[in-house]
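A.B. asks: File follows, my_file06.csv with CSV, C-alpha atoms:
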chain,number,residue,atom,x,y,z
A,1,MET,CA,-100.1,18.0,72.0
A,2,SER,CA,-98.1,15.4,70.2
A,3,ASP,CA,-99.3,13.1,67.4
A,4,ALA,CA,-98.7,10.1,69.6
A,5,PRO,CA,-100.6,6.9,69.2
A,6,ASP,CA,-102.5,7.2,72.5
A,7,ASN,CA,-104.7,10.0,71.2
A,8,THR,CA,-108.4,9.4,71.6
A,9,PHE,CA,-111.2,11.1,69.6
A,10,SER,CA,-114.9,11.6,70.3
A,11,LEU,CA,-117.0,12.4,67.2
A,12,VAL,CA,-120.3,14.2,67.3
A,13,ILE,CA,-122.5,14.0,64.2
A,14,THR,CA,-125.4,16.5,64.1
A,15,GLY,CA,-126.1,16.5,60.4
A,16,ALA,CA,-128.5,13.9,58.8
A,17,PRO,CA,-127.4,11.4,56.2
A,18,TYR,CA,-128.3,12.3,52.6
A,19,SER,CA,-129.5,15.9,53.5
A,20,SER,CA,-126.0,16.8,54.7
A,21,GLN,CA,-122.5,15.6,54.1
A,22,ALA,CA,-121.8,15.3,57.8
A,23,PRO,CA,-122.1,11.5,58.3
A,24,GLN,CA,-119.9,10.9,55.1
A,25,THR,CA,-117.2,13.3,56.2
A,26,ALA,CA,-117.3,11.9,59.7
A,27,LEU,CA,-116.9,8.3,58.4
A,28,ALA,CA,-113.9,9.2,56.3
A,29,PHE,CA,-112.4,11.1,59.2
A,30,ALA,CA,-113.0,8.2,61.6
A,31,LYS,CA,-111.3,5.8,59.2
A,32,ALA,CA,-108.3,8.1,59.0
A,33,VAL,CA,-108.2,8.3,62.8
A,34,VAL,CA,-108.0,4.5,63.1
A,35,ASP,CA,-105.5,4.2,60.2
A,36,SER,CA,-103.3,6.7,61.9
A,37,GLY,CA,-103.1,4.5,65.0
A,38,HIS,CA,-105.4,6.6,67.2
A,39,LEU,CA,-108.5,5.5,69.1
A,40,ILE,CA,-112.1,6.6,68.8
A,41,ASP,CA,-113.7,6.6,72.2
A,42,ARG,CA,-117.3,7.1,71.1
A,43,VAL,CA,-119.5,8.4,68.4
A,44,PHE,CA,-122.5,10.5,69.3
A,45,LEU,CA,-125.5,11.3,67.2
A,46,TYR,CA,-127.3,14.4,68.1
A,47,GLY,CA,-130.2,16.3,66.5
A,48,ASP,CA,-130.8,15.3,62.9
A,49,GLY,CA,-127.7,13.1,63.1
A,50,VAL,CA,-129.8,10.4,64.8
A,51,HIS,CA,-131.3,9.4,61.5
A,52,LEU,CA,-128.0,7.6,60.7
A,53,ALA,CA,-129.0,4.9,63.2
A,54,SER,CA,-132.2,3.9,61.4
A,55,THR,CA,-132.8,0.5,60.0
A,56,LEU,CA,-135.4,1.9,57.6
A,57,ILE,CA,-133.1,3.9,55.3
A,58,ALA,CA,-133.1,2.4,51.8
A,59,PRO,CA,-131.0,4.4,49.3
A,60,PRO,CA,-130.7,3.2,45.7
A,61,SER,CA,-128.3,0.2,45.4
A,62,ASP,CA,-125.6,2.2,43.5
A,63,GLU,CA,-125.4,4.8,46.3
A,64,LEU,CA,-123.4,4.5,49.5
A,65,HIS,CA,-125.6,3.1,52.3
A,66,LEU,CA,-124.4,5.3,55.1
A,67,PRO,CA,-126.2,3.6,58.0
A,68,HIS,CA,-124.7,0.3,56.9
A,69,ALA,CA,-121.2,1.7,56.1
A,70,TRP,CA,-121.2,3.3,59.6
A,71,SER,CA,-122.4,0.1,61.2
A,72,GLU,CA,-119.7,-1.9,59.6
A,73,PHE,CA,-117.0,0.5,60.8
A,74,LEU,CA,-118.4,0.6,64.4
A,75,THR,CA,-118.6,-3.2,64.6
A,76,GLU,CA,-115.2,-3.8,63.0
A,77,HIS,CA,-113.4,-1.4,65.3
A,78,LYS,CA,-115.6,-2.0,68.4
A,79,VAL,CA,-116.5,1.7,68.7
A,80,PRO,CA,-119.6,2.4,70.8
A,81,ALA,CA,-122.1,4.8,69.2
A,82,VAL,CA,-124.8,6.6,71.1
A,83,ALA,CA,-127.9,8.3,69.6
A,84,CYS,CA,-129.3,11.0,71.9
A,85,ILE,CA,-132.6,9.7,73.3
A,86,ALA,CA,-134.2,13.2,73.4
A,87,SER,CA,-133.3,13.7,69.7
A,88,ALA,CA,-134.2,10.2,68.7
A,89,LEU,CA,-137.7,10.0,70.2
A,90,ARG,CA,-138.7,13.2,68.6
A,91,ARG,CA,-137.6,11.9,65.2
A,92,GLY,CA,-139.2,8.5,65.2
A,93,LEU,CA,-136.0,6.6,66.0
A,94,VAL,CA,-136.8,4.0,68.8
A,95,ASN,CA,-135.4,0.8,70.2
A,96,GLN,CA,-137.4,-2.1,71.5
A,97,GLU,CA,-137.4,-0.7,75.0
A,98,GLU,CA,-138.8,2.7,73.9
A,99,GLN,CA,-141.3,1.0,71.6
A,100,ASP,CA,-142.7,-0.9,74.6
A,101,ARG,CA,-142.6,2.2,76.9
A,102,TYR,CA,-144.5,4.4,74.4
A,103,GLU,CA,-146.6,1.6,72.9
A,104,LEU,CA,-145.3,2.4,69.4
A,105,GLY,CA,-145.8,0.2,66.2
A,106,ALA,CA,-142.2,-0.6,65.5
A,107,SER,CA,-138.6,-0.1,66.5
A,108,ASN,CA,-135.8,0.8,64.1
A,109,VAL,CA,-132.4,1.2,65.7
A,110,LEU,CA,-129.4,-0.6,64.0
A,111,PRO,CA,-127.6,-3.0,66.4
A,112,ALA,CA,-124.4,-1.0,66.2
A,113,PHE,CA,-126.0,2.0,67.9
A,114,GLU,CA,-127.6,2.4,71.3
A,115,ILE,CA,-130.1,5.0,72.4
A,116,ALA,CA,-129.1,6.8,75.6
A,117,GLY,CA,-128.8,10.1,77.4
A,118,LEU,CA,-125.8,12.2,76.7
A,119,GLY,CA,-124.2,11.8,80.1
A,120,GLU,CA,-121.6,9.6,78.5
A,121,TRP,CA,-120.8,12.5,76.1
A,122,VAL,CA,-119.7,14.6,79.1
A,123,GLU,CA,-117.5,11.8,80.3
A,124,SER,CA,-116.1,11.1,76.8
A,125,ASN,CA,-115.4,14.8,76.3
A,126,VAL,CA,-113.2,14.8,79.4
A,127,LYS,CA,-111.4,11.6,78.5
A,128,SER,CA,-110.7,12.3,74.8
A,129,THR,CA,-107.8,14.3,73.4
A,130,ARG,CA,-110.2,15.8,70.8
A,131,THR,CA,-113.9,16.1,70.3
A,132,ILE,CA,-114.7,16.8,66.7
A,133,TYR,CA,-118.2,18.0,65.5
A,134,PHE,CA,-119.7,17.3,62.1
A,135,HIS,CA,-122.6,19.6,61.4
A,136,ALA,CA,-124.9,20.0,58.5
A,137,GLY,CA,-123.6,22.4,55.9
A,138,SER,CA,-126.6,24.8,55.7
B,1,MET,CA,-96.3,22.4,71.2
B,2,SER,CA,-99.1,23.7,69.1
B,3,ASP,CA,-98.4,25.2,65.7
B,4,PHE,CA,-101.4,27.5,66.0
B,5,HIS,CA,-104.0,28.2,68.5
B,6,THR,CA,-107.4,27.3,67.1
B,7,LEU,CA,-108.4,25.2,64.1
B,8,HIS,CA,-111.6,26.4,62.5
B,9,ILE,CA,-113.3,23.7,60.5
B,10,LEU,CA,-115.6,25.5,58.0
B,11,ASN,CA,-118.1,23.5,56.0
B,12,LYS,CA,-120.4,26.4,55.0
B,13,PRO,CA,-120.4,27.9,51.5
B,14,PRO,CA,-119.0,31.5,51.3
B,15,GLU,CA,-122.5,33.0,51.0
B,16,HIS,CA,-123.6,31.4,54.3
B,17,PRO,CA,-123.7,33.9,57.3
B,18,ARG,CA,-121.5,31.6,59.3
B,19,PHE,CA,-118.7,31.9,56.8
B,20,ALA,CA,-118.3,35.6,57.4
B,21,GLU,CA,-118.8,35.0,61.1
B,22,CYS,CA,-116.0,32.4,61.2
B,23,LEU,CA,-113.6,34.7,59.3
B,24,GLY,CA,-114.5,37.5,61.7
B,25,MET,CA,-113.9,35.3,64.8
B,26,SER,CA,-110.6,33.8,63.7
B,27,SER,CA,-107.3,35.6,64.3
B,28,SER,CA,-103.9,35.3,62.4
B,29,ASP,CA,-102.7,32.8,65.1
B,30,ASP,CA,-105.4,30.4,63.9
B,31,ALA,CA,-105.8,28.0,61.0
B,32,LEU,CA,-108.8,27.6,58.7
B,33,LEU,CA,-109.7,24.2,57.3
B,34,LEU,CA,-112.3,24.3,54.5
B,35,ILE,CA,-114.3,21.2,54.1
B,36,GLU,CA,-117.5,20.2,52.2
B,37,ASN,CA,-119.1,23.3,50.6
B,38,GLY,CA,-116.6,25.5,52.5
B,39,VAL,CA,-114.0,24.6,49.7
B,40,LEU,CA,-116.1,26.8,47.3
B,41,ALA,CA,-114.1,29.7,48.8
B,42,LEU,CA,-111.1,28.4,46.9
B,43,ALA,CA,-112.7,30.0,43.8
B,44,SER,CA,-112.1,33.5,45.4
B,45,PRO,CA,-109.1,33.0,47.6
B,46,GLU,CA,-108.5,36.8,48.1
B,47,ARG,CA,-111.1,36.7,50.9
B,48,LEU,CA,-108.9,34.3,52.9
B,49,SER,CA,-105.6,36.1,52.8
B,50,ASP,CA,-103.7,36.8,56.0
B,51,ARG,CA,-104.3,33.4,57.6
B,52,LYS,CA,-103.2,29.7,57.3
B,53,VAL,CA,-105.8,28.1,55.0
B,54,TYR,CA,-106.1,24.4,54.3
B,55,ALA,CA,-108.8,22.6,52.2
B,56,LEU,CA,-109.9,19.0,52.1
B,57,SER,CA,-108.7,17.7,48.8
B,58,PRO,CA,-111.5,15.2,48.1
B,59,ASP,CA,-114.1,17.9,48.7
B,60,ALA,CA,-112.2,20.3,46.4
B,61,ARG,CA,-111.8,17.8,43.7
B,62,ALA,CA,-115.5,16.8,43.9
B,63,ARG,CA,-116.3,20.4,43.2
B,64,GLY,CA,-113.8,20.9,40.4
B,65,LEU,CA,-111.6,23.2,42.5
B,66,THR,CA,-107.9,23.1,43.3
B,67,ALA,CA,-105.4,25.2,45.3
B,68,SER,CA,-101.7,25.8,44.9
B,69,GLU,CA,-101.1,24.8,48.5
B,70,GLY,CA,-102.8,23.6,51.6
B,71,LEU,CA,-104.7,20.6,50.1
B,72,LEU,CA,-105.1,17.9,52.7
B,73,ASP,CA,-106.5,14.3,52.8
B,74,TYR,CA,-108.4,12.9,55.8
B,75,THR,CA,-105.2,11.6,57.5
B,76,ASP,CA,-103.7,15.1,57.3
B,77,MET,CA,-106.9,16.5,58.8
B,78,VAL,CA,-106.6,14.1,61.7
B,79,SER,CA,-103.0,15.4,62.3
B,80,LEU,CA,-104.1,19.0,62.0
B,81,THR,CA,-106.8,18.6,64.7
B,82,LEU,CA,-104.1,17.2,67.0
B,83,LYS,CA,-101.7,20.2,66.3
B,84,ALA,CA,-104.3,22.7,67.3
B,85,GLU,CA,-105.0,23.7,71.0
B,86,ARG,CA,-108.7,24.0,70.2
B,87,VAL,CA,-110.9,22.9,67.3
B,88,ILE,CA,-114.1,24.6,66.4
B,89,SER,CA,-116.5,23.2,63.8
B,90,TRP,CA,-118.7,26.0,62.3
Represent the structure contained in this file as structure tokens.

C.D. replies:
Amino acid sequence: MSDAPDNTFSLVITGAPYSSQAPQTALAFAKAVVDSGHLIDRVFLYGDGVHLASTLIAPPSDELHLPHAWSEFLTEHKVPAVACIASALRRGLVNQEEQDRYELGASNVLPAFEIAGLGEWVESNVKSTRTIYFHAGS
Amino acid sequence: MSDFHTLHILNKPPEHPRFAECLGMSSSDDALLLIENGVLALASPERLSDRKVYALSPDARARGLTASEGLLDYTDMVSLTLKAERVISW
């Protein structure tokens, strides 16, 4: 496999922000992928990784705001990001549609992310040159 | 052509059961990339002999560790994942 510019990556983040380094490592990796002239097909959030898509995370102002930093990256480079619906609903991460469906008190998904099944993950896996996983460290 | 068969990305500290598991599962045709708390293994490198070992430089520096060779930045990490036939994150 050559280091040609037509390589595409899928990233899967399973570690939560702040309790694991996974979203931070994945973001630095994603920036390096783009800077190297490659493409990111999709980013998937699975398991505790779905917390990254929450609008309700409010770290101290002198710390990196990971959900916002990721949102900026995804928007700037037009990279689709999907939070696994089965993981999301169990962890209190819901969009407007799911809020209505389950009659919940709020919705909290950042606009750069969508909630969906992981069918797209299978497709992306086949399409991409590499799928790289970012897990929690412990 | 691949330089090596499998790239093992290891982010667990040396005392984590997965660390030993990863070393046991990797062969001499493989490369090991230490990231996050995995770089703590640089403090006792004799455990890692007999294979290609790389470490993510920002993670090593953040933990006050260094290595005489194999320190990579994120761009090098991207290239490394493309050189391998397979990539496993432990």

A.B. asks: Around the point (-103.4, 32.2, 57.4) in the file's coordinates, collect all residues with an atom within 12 Å, using only C-alpha atoms, and return them as a PyMOL selection string.

C.D. replies: chain B and resi 3-8+23+26-33+45-54+69-70

A.B. asks: Wanna dump the chain B-chain A contacts at 8 Å for me, each residue with its shortest atom pair and the distance in Å to one decimal, counting all atoms listed in the file, ordered by chain and number, as a tab-separated table?

C.D. replies:
residue	atom	partner	partner_atom	distance
B:Met1	CA	A:Met1	CA	5.9
B:Ser2	CA	A:Met1	CA	6.5
B:Asn11	CA	A:Gly137	CA	5.6
B:Lys12	CA	A:Gly137	CA	5.2
B:Pro13	CA	A:Gly137	CA	7.7
B:His16	CA	A:Ser138	CA	7.4
B:Glu36	CA	A:Gln21	CA	7.1
B:Asn37	CA	A:Gly137	CA	7.0
B:Tyr74	CA	A:Phe29	CA	5.5
B:Thr75	CA	A:Ala32	CA	4.9
B:Met77	CA	A:Phe29	CA	7.7
B:Val78	CA	A:Val33	CA	6.1
B:Ser79	CA	A:Asp3	CA	6.7
B:Thr81	CA	A:Arg130	CA	7.5
B:Leu82	CA	A:Asp3	CA	6.3
B:Lys83	CA	A:Met1	CA	6.3
B:Ala84	CA	A:Met1	CA	7.9
B:Glu85	CA	A:Met1	CA	7.6
B:Val87	CA	A:Ile132	CA	7.2
B:Ile88	CA	A:Tyr133	CA	7.8
B:Ser89	CA	A:Tyr133	CA	5.7
B:Trp90	CA	A:His135	CA	7.5

A.B. asks: Would you pick out the contacts of Leu71 of chain B at 6 Å or less, using only C-alpha atoms, so that residues sharing its chain but fewer than 4 positions from it are not included, and give the list as a list in words?

C.D. replies: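 Close residues of Leu71 of chain B: Tyr54, Ala55, Leu56 and Ser57 of chain B.
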
A.B. asks: Neighbouring residues of Leu10 of chain B were defined as those with any atom within 6 Å, considering only C-alpha atoms; residues of the same chain fewer than 5 positions away were excluded. Please report them as number ranges by chain.

C.D. replies: B: 34-35, 38, 90

A.B. asks: Can you write just those residues out, C-alpha atoms, as a PDB file, in the coordinates of the input?

C.D. replies:
ATOM      1  CA  LEU B  34    -112.300  24.300  54.500  1.00  0.00           C
ATOM      2  CA  ILE B  35    -114.300  21.200  54.100  1.00  0.00           C
ATOM      3  CA  GLY B  38    -116.600  25.500  52.500  1.00  0.00           C
ATOM      4  CA  TRP B  90    -118.700  26.000  62.300  1.00  0.00           C
TER       5      TRP B  90
END

A.B. asks: As an exercise, work out the distance from atom CA of Gln99 of chain A to atom CA of Leu52 of chain A in Å and give it to one decimal place.

C.D. replies: 18.4 Å

A.B. asks: Using all atoms listed in the file, determine which residues lie at most 8 Å from Pro58 of chain B, disregarding the query and same-chain residues fewer than 3 positions distant; provide the list as a PyMOL selection string.

C.D. replies: chain B and resi 61-62+73

A.B. asks: May I have the selected residues written with C-alpha atoms, as a PDB file, in the frame of the given file?

C.D. replies:
ATOM      1  CA  ARG B  61    -111.800  17.800  43.700  1.00  0.00           C
ATOM      2  CA  ALA B  62    -115.500  16.800  43.900  1.00  0.00           C
ATOM      3  CA  ASP B  73    -106.500  14.300  52.800  1.00  0.00           C
TER       4      ASP B  73
END
